[in-house]
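Colleague: Below is one structure. I have some questions about it.
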Amino acid sequence: ATLTAPQWWMGENRGWVRSPAGIRMPQRIIADGQTEFTAEYRQGLKRYLQVQTLSLMNPCLAVSTAAALTGPWSRQTCFFVPPERGAPDLLVYAGKSHPMLRGAEMVFTYVANTTSEERLLNDMTIYFPVVLQGRIGTEGPDS
């Protein structure tokens, strides 16, 4: 697949279109999606899986599922709370799954960054992906 001719989902009545310019906004399919997340098809679940951090204020790793990529998507459910949550001057974001990585049934990452320029330039323990392993069962994460 390439991104040389992207298409936008315009809803059940219109389907996928090449350019929504001048028509109307594409249909939102994930109501509370973050700017960074992943969506993948999980053959074992026969569903799509979307992983993200819930929000900057509540940066747990969260999952939602759907039978189709265009939804409807389930309510997001937190499955891991990063230990960095609530630490002074830290932001936790960019929760993702990585189906291409091997070594575990599922691999997840998130990033902890800082609002402090001094810390950003000198603390080598932040701003690198934190890697987790786990699994998603039929009842949800780690089931």
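Just so we're on the same page: first chain in the structure tokens is A, next is B, and so on; residues restart at 1 for each chain, and ligands are numbered from 1 in the order they show up.
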Counting only C-alpha atoms, what is within 10 Å of Phe128 of chain A, bar same-chain residues fewer than 3 positions away, as a VMD selection string?

Modeller: chain A and resid 109 to 113 124 to 125 131

Colleague: Grab the residues selected above and save them as a PDB file, in the first residue's frame with C-alpha atoms.

Modeller:
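Ended up saving to out32.pdb:
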ATOM      1  CA  THR A 109       5.130   1.245  23.652  1.00  0.00           C
ATOM      2  CA  TYR A 110       4.609   4.659  25.158  1.00  0.00           C
ATOM      3  CA  VAL A 111       6.855   7.681  25.668  1.00  0.00           C
ATOM      4  CA  ALA A 112       7.573   9.819  28.734  1.00  0.00           C
ATOM      5  CA  ASN A 113       8.798  13.315  27.946  1.00  0.00           C
ATOM      6  CA  MET A 124      18.769  10.073  29.182  1.00  0.00           C
ATOM      7  CA  THR A 125      15.964   8.093  30.874  1.00  0.00           C
ATOM      8  CA  VAL A 131       8.555  -1.242  25.535  1.00  0.00           C
TER       9      VAL A 131
END

Colleague: Sorted by chain and rising residue number, list the residues of segment 89-110 of chain A at most 10 Å from segment 58-70 of chain A (counting only C-alpha atoms), each with its closest atom pair and distance in Å to one decimal, as CSV.

Modeller:
residue,atom,partner,partner_atom,distance
A:Leu91,CA,A:Pro59,CA,8.2
A:Val92,CA,A:Pro59,CA,5.7
A:Tyr93,CA,A:Pro59,CA,6.2
A:Ala94,CA,A:Leu61,CA,9.0
A:Gly95,CA,A:Leu61,CA,5.8
A:Lys96,CA,A:Leu61,CA,8.1
A:Ser97,CA,A:Val63,CA,9.7
A:Phe108,CA,A:Leu61,CA,8.8
A:Thr109,CA,A:Leu61,CA,8.9
A:Tyr110,CA,A:Leu61,CA,7.9

Colleague: Any chance you could export the current selection's all heavy atoms as a PDB file, in the first residue's frame?

Modeller:
ATOM      1  N   LEU A  91       5.246  14.246  30.803  1.00  0.00           N
ATOM      2  CA  LEU A  91       4.091  13.975  29.967  1.00  0.00           C
ATOM      3  C   LEU A  91       4.236  12.558  29.432  1.00  0.00           C
ATOM      4  O   LEU A  91       5.296  12.188  28.932  1.00  0.00           O
ATOM      5  CB  LEU A  91       4.024  14.952  28.791  1.00  0.00           C
ATOM      6  CG  LEU A  91       3.955  16.435  29.132  1.00  0.00           C
ATOM      7  CD1 LEU A  91       4.115  17.266  27.868  1.00  0.00           C
ATOM      8  CD2 LEU A  91       2.654  16.746  29.835  1.00  0.00           C
ATOM      9  N   VAL A  92       3.197  11.766  29.522  1.00  0.00           N
ATOM     10  CA  VAL A  92       3.209  10.404  28.995  1.00  0.00           C
ATOM     11  C   VAL A  92       2.207  10.355  27.847  1.00  0.00           C
ATOM     12  O   VAL A  92       1.056  10.768  28.000  1.00  0.00           O
ATOM     13  CB  VAL A  92       2.841   9.377  30.089  1.00  0.00           C
ATOM     14  CG1 VAL A  92       2.822   7.969  29.526  1.00  0.00           C
ATOM     15  CG2 VAL A  92       3.814   9.478  31.261  1.00  0.00           C
ATOM     16  N   TYR A  93       2.653   9.872  26.684  1.00  0.00           N
ATOM     17  CA  TYR A  93       1.809   9.897  25.494  1.00  0.00           C
ATOM     18  C   TYR A  93       2.292   8.842  24.495  1.00  0.00           C
ATOM     19  O   TYR A  93       3.192   8.066  24.778  1.00  0.00           O
ATOM     20  CB  TYR A  93       1.823  11.292  24.861  1.00  0.00           C
ATOM     21  CG  TYR A  93       3.191  11.727  24.387  1.00  0.00           C
ATOM     22  CD1 TYR A  93       3.555  11.620  23.054  1.00  0.00           C
ATOM     23  CD2 TYR A  93       4.139  12.227  25.288  1.00  0.00           C
ATOM     24  CE1 TYR A  93       4.820  12.005  22.624  1.00  0.00           C
ATOM     25  CE2 TYR A  93       5.396  12.616  24.869  1.00  0.00           C
ATOM     26  CZ  TYR A  93       5.724  12.496  23.535  1.00  0.00           C
ATOM     27  OH  TYR A  93       6.972  12.865  23.120  1.00  0.00           O
ATOM     28  N   ALA A  94       1.686   8.831  23.307  1.00  0.00           N
ATOM     29  CA  ALA A  94       2.096   7.994  22.166  1.00  0.00           C
ATOM     30  C   ALA A  94       1.998   6.501  22.449  1.00  0.00           C
ATOM     31  O   ALA A  94       2.851   5.733  22.034  1.00  0.00           O
ATOM     32  CB  ALA A  94       3.503   8.366  21.693  1.00  0.00           C
ATOM     33  N   GLY A  95       0.931   6.076  23.125  1.00  0.00           N
ATOM     34  CA  GLY A  95       0.714   4.645  23.330  1.00  0.00           C
ATOM     35  C   GLY A  95       0.391   3.963  22.009  1.00  0.00           C
ATOM     36  O   GLY A  95      -0.430   4.450  21.233  1.00  0.00           O
ATOM     37  N   LYS A  96       1.067   2.857  21.752  1.00  0.00           N
ATOM     38  CA  LYS A  96       0.898   2.153  20.472  1.00  0.00           C
ATOM     39  C   LYS A  96       1.109   0.660  20.649  1.00  0.00           C
ATOM     40  O   LYS A  96       1.763   0.217  21.585  1.00  0.00           O
ATOM     41  CB  LYS A  96       1.913   2.668  19.438  1.00  0.00           C
ATOM     42  CG  LYS A  96       1.770   4.123  19.118  1.00  0.00           C
ATOM     43  CD  LYS A  96       2.860   4.600  18.198  1.00  0.00           C
ATOM     44  CE  LYS A  96       2.725   6.105  17.994  1.00  0.00           C
ATOM     45  NZ  LYS A  96       3.874   6.655  17.330  1.00  0.00           N
ATOM     46  N   SER A  97       0.593  -0.108  19.705  1.00  0.00           N
ATOM     47  CA  SER A  97       0.930  -1.524  19.594  1.00  0.00           C
ATOM     48  C   SER A  97       1.838  -1.681  18.380  1.00  0.00           C
ATOM     49  O   SER A  97       1.846  -0.839  17.487  1.00  0.00           O
ATOM     50  CB  SER A  97      -0.330  -2.384  19.441  1.00  0.00           C
ATOM     51  OG  SER A  97      -0.981  -2.095  18.223  1.00  0.00           O
ATOM     52  N   PHE A 108       3.803  -3.366  23.091  1.00  0.00           N
ATOM     53  CA  PHE A 108       3.245  -2.030  23.219  1.00  0.00           C
ATOM     54  C   PHE A 108       4.367  -1.061  23.579  1.00  0.00           C
ATOM     55  O   PHE A 108       5.359  -1.460  24.179  1.00  0.00           O
ATOM     56  CB  PHE A 108       2.198  -1.981  24.345  1.00  0.00           C
ATOM     57  CG  PHE A 108       1.100  -2.984  24.190  1.00  0.00           C
ATOM     58  CD1 PHE A 108       1.158  -4.202  24.844  1.00  0.00           C
ATOM     59  CD2 PHE A 108       0.002  -2.705  23.392  1.00  0.00           C
ATOM     60  CE1 PHE A 108       0.143  -5.129  24.708  1.00  0.00           C
ATOM     61  CE2 PHE A 108      -1.018  -3.636  23.249  1.00  0.00           C
ATOM     62  CZ  PHE A 108      -0.954  -4.849  23.910  1.00  0.00           C
ATOM     63  N   THR A 109       4.184   0.209  23.229  1.00  0.00           N
ATOM     64  CA  THR A 109       5.130   1.245  23.652  1.00  0.00           C
ATOM     65  C   THR A 109       4.365   2.494  24.068  1.00  0.00           C
ATOM     66  O   THR A 109       3.213   2.693  23.687  1.00  0.00           O
ATOM     67  CB  THR A 109       6.125   1.644  22.536  1.00  0.00           C
ATOM     68  OG1 THR A 109       5.394   2.136  21.410  1.00  0.00           O
ATOM     69  CG2 THR A 109       7.017   0.489  22.126  1.00  0.00           C
ATOM     70  N   TYR A 110       5.048   3.307  24.847  1.00  0.00           N
ATOM     71  CA  TYR A 110       4.609   4.659  25.158  1.00  0.00           C
ATOM     72  C   TYR A 110       5.866   5.481  25.390  1.00  0.00           C
ATOM     73  O   TYR A 110       6.973   4.937  25.466  1.00  0.00           O
ATOM     74  CB  TYR A 110       3.665   4.710  26.371  1.00  0.00           C
ATOM     75  CG  TYR A 110       4.312   4.341  27.678  1.00  0.00           C
ATOM     76  CD1 TYR A 110       4.911   5.304  28.495  1.00  0.00           C
ATOM     77  CD2 TYR A 110       4.333   3.022  28.110  1.00  0.00           C
ATOM     78  CE1 TYR A 110       5.505   4.955  29.697  1.00  0.00           C
ATOM     79  CE2 TYR A 110       4.924   2.662  29.309  1.00  0.00           C
ATOM     80  CZ  TYR A 110       5.507   3.632  30.099  1.00  0.00           C
ATOM     81  OH  TYR A 110       6.098   3.289  31.283  1.00  0.00           O
TER      82      TYR A 110
END

Colleague: Could you name the residues that touch Gln34 of chain A at 10 Å or less, counting only C-alpha atoms, but leaving out those on the same chain fewer than 4 positions away, as a list of chain:residue names?

Modeller: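 With the cut-off at 10 Å, the set is A:Ile30, A:Thr38, A:Val51, A:Gln52, A:Thr53, A:Leu54, A:Ser55, A:Leu56, A:Tyr93, A:Ala94, A:Gly95.
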
Colleague: Residues as selected, C-alpha atoms, written as a JSON list (two decimals), in the first residue's frame, can you do that?

Modeller:
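Result went into result-v2.json, see below:
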[["chain", "number", "residue", "atom", "x", "y", "z"],
["A", 30, "ILE", "CA", -12.81, 7.33, 16.71],
["A", 38, "THR", "CA", -2.23, 2.43, 16.18],
["A", 51, "VAL", "CA", -4.27, 1.35, 21.06],
["A", 52, "GLN", "CA", -3.42, 4.81, 22.43],
["A", 53, "THR", "CA", -2.77, 6.66, 25.66],
["A", 54, "LEU", "CA", -6.14, 7.86, 26.89],
["A", 55, "SER", "CA", -5.13, 11.53, 27.39],
["A", 56, "LEU", "CA", -2.32, 13.70, 28.75],
["A", 93, "TYR", "CA", 1.81, 9.90, 25.49],
["A", 94, "ALA", "CA", 2.10, 7.99, 22.17],
["A", 95, "GLY", "CA", 0.71, 4.65, 23.33]]

Colleague: Let's see if you can do this: from backbone DSSP, list all alpha helix (DSSP H) residues in chain A, as a PyMOL selection string.

Modeller: chain A and resi 117-122

Colleague: Write to file, as a compact mmCIF listing (two decimals), in the first residue's frame, the residues of the selection just made, with C-alpha atoms.

Modeller:
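Printed below is selection_12.txt as written:
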# COMPACT_ATOMS: atom_id res chain seq x y z
CA GLU A 117 14.21 22.00 28.80
CA GLU A 118 17.03 21.29 31.29
CA ARG A 119 15.74 17.79 31.94
CA LEU A 120 15.11 17.09 28.26
CA LEU A 121 18.73 17.92 27.40
CA ASN A 122 20.29 16.04 30.32

Colleague: Taking the chain letters and numbering used in this document, name the residues of segment 45-130 of chain A that DSSP puts in strand (DSSP E), as a PyMOL selection string.

Modeller: chain A and resi 47-53+61-66+77-80+90-97+106-114+129-130

Colleague: Quick one, how far is atom CA of Ala104 of chain A from atom CA of Leu132 of chain A?

Modeller: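 Computing it gives 9.1 Å between the two atoms.
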
Colleague: Counting only C-alpha atoms, which of A:Arg18, A:Gln43, A:Met10, A:Arg24 gets nearest to Pro99 of chain A?

Modeller: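 The answer is A:Gln43, which sits nearest to Pro99 of chain A.
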
Colleague: Can you list, as a count of residues only, every protein, DNA or RNA residue that comes within 10 Å of Ile136 of chain A when you count only C-alpha atoms, leaving out same-chain residues fewer than 6 positions away?

Modeller: 10
